[in-house]
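Reviewing the structure listed below.
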Amino acid sequence: MAIPTPDGYVPSHPGLFVVDFKPGEYSSSLIALKDLLPGAEVPLRGLTPSPKKYSTLQYGPGPDDHVELNSDLLFVNHSCEPNVAFDLSSSDRSQWNLRALKSIRAGEPLTFFYPSTEWQMDQPFECRCGAPSCIGKISGAVALSKDTLLQRHFISPWVLTKVAERDRPPDQHADQISTEY
Ligand SMILES: C[S@@+](CC[C@H](N)C(=O)[O-])C[C@H]1O[C@@H](n2cnc3c(N)ncnc32)[C@H](O)[C@@H]1O
């Protein structure tokens with residue numbers, strides 16, 4: 001799907017979300033059009049496999065585990081204090097969803113914590129979310145401590161598994177356990 005632009009814009013989620021197009025590269029955002037309660041879910045439909053890009057979501061640890069959203073959800077910006085999560089953790093893809101992590105009022109921008117799905121991002125950036133707990137550079141979960149990740153309400157389970165592998169002392173790595181006695 002072509003990236004939506006203001007010309008002839010047709011919302012992918014009419015009545016629910018709208019893109020707030022702003023001039024300047026990567027300056028646009030996605031705005032809620034109605035109040036959402038914590039736990040409200042929006043199913044993710046129309047995803048397609050893709051190489052890793054600034055616009056893709058990662059759903060697993062593999063090099064090919066990336067999908068394009070193909071919708072206005074592409075415009076959900078990052079925040080270090082996010083109000084939604086992209087939950088692509090189910091083995092049943094029909095269960096993949098965007099979920100409200102807190103109450104969201106109509107008119108608020110939707111934000112998610114990018115390292116909750118991205119291990120090593122294609123396009124790192126300096127965060128401008130302005131949250132008190134802002135962590136600055138956003139380059140993926142690979143660069144963050146387990147504690148920093150766990151403060152964000154939702155982190156993909158496979159990300160936490162990779163963090164545990166990364167943080168395991170070298171003498172406990174399975175490939176280094178000797179079978180000789
Ligand atoms: C998937 S796009 C999100 C929509 C984007 N704002 C746009 O207009 O196309 C991701 C890009 O948006 C920008 N972005 C998202 N959240 C940001 C944040 N908190 N601070 C700075 N830039 C951000 C970065 O350039 C990032 O690579």
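Chain labels run A, B, ... following the order of the structure tokens; each chain numbers its residues from 1, and ligands are numbered from 1 in the order shown.
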Residues within 8 Å of ligand 1, counting only C-alpha atoms and all ligand atoms, as a PyMOL selection string: chain A and resi 21-22+24-30+54-56+74-80+111+123-130
Secondary structure check, strand (DSSP E or B) residues of segment 42-179 of chain A, as a PyMOL selection string: chain A and resi 42-43+48-49+56-58+66-68+77-78+84-87+97-100+104+109+111-112+125-126+137-138
Which residue of A:Gly39, A:His153, A:Arg105, A:Gly60 approaches Pro82 of chain A most closely, using only C-alpha atoms: A:His153
Give me the residues within 10 Å of Glu41 of chain A as a PDB file with N, CA and C atoms, in the first residue's frame, counting only C-alpha atoms and dropping any in the same chain fewer than 3 places off.
```pdb
ATOM      1  N   LEU A  36     -11.345   5.724  24.144  1.00  0.00           N
ATOM      2  CA  LEU A  36     -11.074   4.283  24.228  1.00  0.00           C
ATOM      3  C   LEU A  36     -10.792   3.931  25.675  1.00  0.00           C
ATOM      4  N   LEU A  37     -11.382   2.848  26.135  1.00  0.00           N
ATOM      5  CA  LEU A  37     -11.123   2.383  27.500  1.00  0.00           C
ATOM      6  C   LEU A  37      -9.871   1.512  27.519  1.00  0.00           C
ATOM      7  N   PRO A  38      -9.208   1.416  28.676  1.00  0.00           N
ATOM      8  CA  PRO A  38      -8.053   0.515  28.754  1.00  0.00           C
ATOM      9  C   PRO A  38      -8.473  -0.898  28.350  1.00  0.00           C
ATOM     10  N   LEU A  44      -5.840  -6.234  13.864  1.00  0.00           N
ATOM     11  CA  LEU A  44      -4.918  -5.841  12.798  1.00  0.00           C
ATOM     12  C   LEU A  44      -5.216  -6.695  11.580  1.00  0.00           C
ATOM     13  N   VAL A  84      -0.907   2.955  23.698  1.00  0.00           N
ATOM     14  CA  VAL A  84      -1.360   1.712  23.053  1.00  0.00           C
ATOM     15  C   VAL A  84      -0.182   0.759  22.895  1.00  0.00           C
ATOM     16  N   ALA A  85      -0.515  -0.498  22.633  1.00  0.00           N
ATOM     17  CA  ALA A  85       0.488  -1.517  22.312  1.00  0.00           C
ATOM     18  C   ALA A  85       0.067  -2.203  21.023  1.00  0.00           C
ATOM     19  N   PHE A  86       1.048  -2.593  20.227  1.00  0.00           N
ATOM     20  CA  PHE A  86       0.791  -3.514  19.129  1.00  0.00           C
ATOM     21  C   PHE A  86       1.130  -4.900  19.666  1.00  0.00           C
ATOM     22  N   ASP A  87       0.117  -5.735  19.802  1.00  0.00           N
ATOM     23  CA  ASP A  87       0.336  -7.075  20.350  1.00  0.00           C
ATOM     24  C   ASP A  87       0.266  -8.102  19.212  1.00  0.00           C
ATOM     25  N   GLN A  95      -5.615 -12.974  16.001  1.00  0.00           N
ATOM     26  CA  GLN A  95      -5.699 -12.357  17.331  1.00  0.00           C
ATOM     27  C   GLN A  95      -4.784 -11.138  17.478  1.00  0.00           C
ATOM     28  N   TRP A  96      -3.982 -10.856  16.484  1.00  0.00           N
ATOM     29  CA  TRP A  96      -3.077  -9.703  16.569  1.00  0.00           C
ATOM     30  C   TRP A  96      -3.907  -8.423  16.652  1.00  0.00           C
ATOM     31  N   ASN A  97      -3.508  -7.524  17.528  1.00  0.00           N
ATOM     32  CA  ASN A  97      -4.329  -6.331  17.727  1.00  0.00           C
ATOM     33  C   ASN A  97      -3.512  -5.134  18.188  1.00  0.00           C
ATOM     34  N   LEU A  98      -4.153  -3.983  18.043  1.00  0.00           N
ATOM     35  CA  LEU A  98      -3.716  -2.746  18.689  1.00  0.00           C
ATOM     36  C   LEU A  98      -4.571  -2.628  19.939  1.00  0.00           C
ATOM     37  N   ARG A  99      -3.929  -2.410  21.102  1.00  0.00           N
ATOM     38  CA  ARG A  99      -4.692  -2.425  22.363  1.00  0.00           C
ATOM     39  C   ARG A  99      -4.404  -1.170  23.179  1.00  0.00           C
ATOM     40  N   ALA A 100      -5.472  -0.570  23.700  1.00  0.00           N
ATOM     41  CA  ALA A 100      -5.290   0.608  24.563  1.00  0.00           C
ATOM     42  C   ALA A 100      -4.698   0.168  25.897  1.00  0.00           C
ATOM     43  N   LEU A 101      -3.623   0.847  26.312  1.00  0.00           N
ATOM     44  CA  LEU A 101      -2.977   0.523  27.591  1.00  0.00           C
ATOM     45  C   LEU A 101      -3.539   1.375  28.718  1.00  0.00           C
TER      46      LEU A 101
END
```
Pick from A:Ile104, A:Ile3, A:Leu69, A:Leu88 nearest to Ile155 of chain A, counting only C-alpha atoms: A:Leu88
DSSP-assigned helix (DSSP H, G or I) among segment 21-124 of chain A, expressed as a list in words: Asp72, Leu73, Leu74, Phe75, Arg93, Ser94, Gln95, Tyr114, Pro115 and Ser116 of chain A
Could those residues be written to a file, using N, CA and C atoms, as a PDB file, in the first residue's frame?
```
ATOM      1  N   ASP A  72      -3.551   3.345   8.173  1.00  0.00           N
ATOM      2  CA  ASP A  72      -3.202   4.576   8.902  1.00  0.00           C
ATOM      3  C   ASP A  72      -2.450   4.278  10.202  1.00  0.00           C
ATOM      4  N   LEU A  73      -2.491   3.036  10.665  1.00  0.00           N
ATOM      5  CA  LEU A  73      -1.787   2.690  11.912  1.00  0.00           C
ATOM      6  C   LEU A  73      -0.281   2.905  11.773  1.00  0.00           C
ATOM      7  N   LEU A  74       0.184   3.026  10.539  1.00  0.00           N
ATOM      8  CA  LEU A  74       1.588   3.381  10.291  1.00  0.00           C
ATOM      9  C   LEU A  74       1.960   4.682  11.007  1.00  0.00           C
ATOM     10  N   PHE A  75       0.964   5.551  11.231  1.00  0.00           N
ATOM     11  CA  PHE A  75       1.241   6.884  11.784  1.00  0.00           C
ATOM     12  C   PHE A  75       1.232   6.926  13.316  1.00  0.00           C
ATOM     13  N   ARG A  93      -2.687 -15.453  14.074  1.00  0.00           N
ATOM     14  CA  ARG A  93      -2.564 -14.064  13.597  1.00  0.00           C
ATOM     15  C   ARG A  93      -3.881 -13.297  13.607  1.00  0.00           C
ATOM     16  N   SER A  94      -5.002 -14.026  13.625  1.00  0.00           N
ATOM     17  CA  SER A  94      -6.290 -13.310  13.676  1.00  0.00           C
ATOM     18  C   SER A  94      -6.471 -12.617  15.028  1.00  0.00           C
ATOM     19  N   GLN A  95      -5.615 -12.974  16.001  1.00  0.00           N
ATOM     20  CA  GLN A  95      -5.699 -12.357  17.331  1.00  0.00           C
ATOM     21  C   GLN A  95      -4.784 -11.138  17.478  1.00  0.00           C
ATOM     22  N   TYR A 114       8.147   1.824  20.732  1.00  0.00           N
ATOM     23  CA  TYR A 114       8.664   1.079  19.574  1.00  0.00           C
ATOM     24  C   TYR A 114       9.510  -0.139  19.975  1.00  0.00           C
ATOM     25  N   PRO A 115      10.383  -0.030  21.018  1.00  0.00           N
ATOM     26  CA  PRO A 115      11.172  -1.229  21.360  1.00  0.00           C
ATOM     27  C   PRO A 115      10.327  -2.386  21.894  1.00  0.00           C
ATOM     28  N   SER A 116       9.020  -2.172  22.089  1.00  0.00           N
ATOM     29  CA  SER A 116       8.179  -3.297  22.518  1.00  0.00           C
ATOM     30  C   SER A 116       8.027  -4.321  21.400  1.00  0.00           C
TER      31      SER A 116
END
```
Exercise: Leu33 of chain A partners within 7 Å, only C-alpha atoms, chain neighbours under 3 positions left out, as an NGL selection string: :A and (15-18 or 106-107)
Can those selected residues be exported to a file as a compact mmCIF listing (two decimals), in the first residue's frame so that it contains N, CA and C atoms?
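Below is the file that was written, result_15.txt:
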```
# COMPACT_ATOMS: atom_id res chain seq x y z
N GLY A 15 -14.05 6.97 11.67
CA GLY A 15 -14.79 7.09 12.93
C GLY A 15 -13.98 6.70 14.14
N LEU A 16 -12.82 6.09 13.92
CA LEU A 16 -12.01 5.60 15.04
C LEU A 16 -10.69 6.38 15.15
N PHE A 17 -10.00 6.48 14.01
CA PHE A 17 -8.71 7.18 13.98
C PHE A 17 -8.65 8.05 12.74
N VAL A 18 -7.83 9.10 12.82
CA VAL A 18 -7.58 9.94 11.65
C VAL A 18 -6.12 10.37 11.66
N ALA A 106 -10.84 11.15 22.95
CA ALA A 106 -10.91 11.61 21.56
C ALA A 106 -10.03 12.85 21.41
N GLY A 107 -9.26 12.89 20.35
CA GLY A 107 -8.35 14.02 20.09
C GLY A 107 -6.92 13.76 20.49
```
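Closest approach to Leu47 of chain A among A:Asn70, A:Gln120, A:Ser90, A:Asn83 is made by A:Asn70 (distances from only C-alpha atoms).
From atom CA of Pro157 of chain A back to atom CA of Ser133 of chain A, the distance works out to 22.4 Å.
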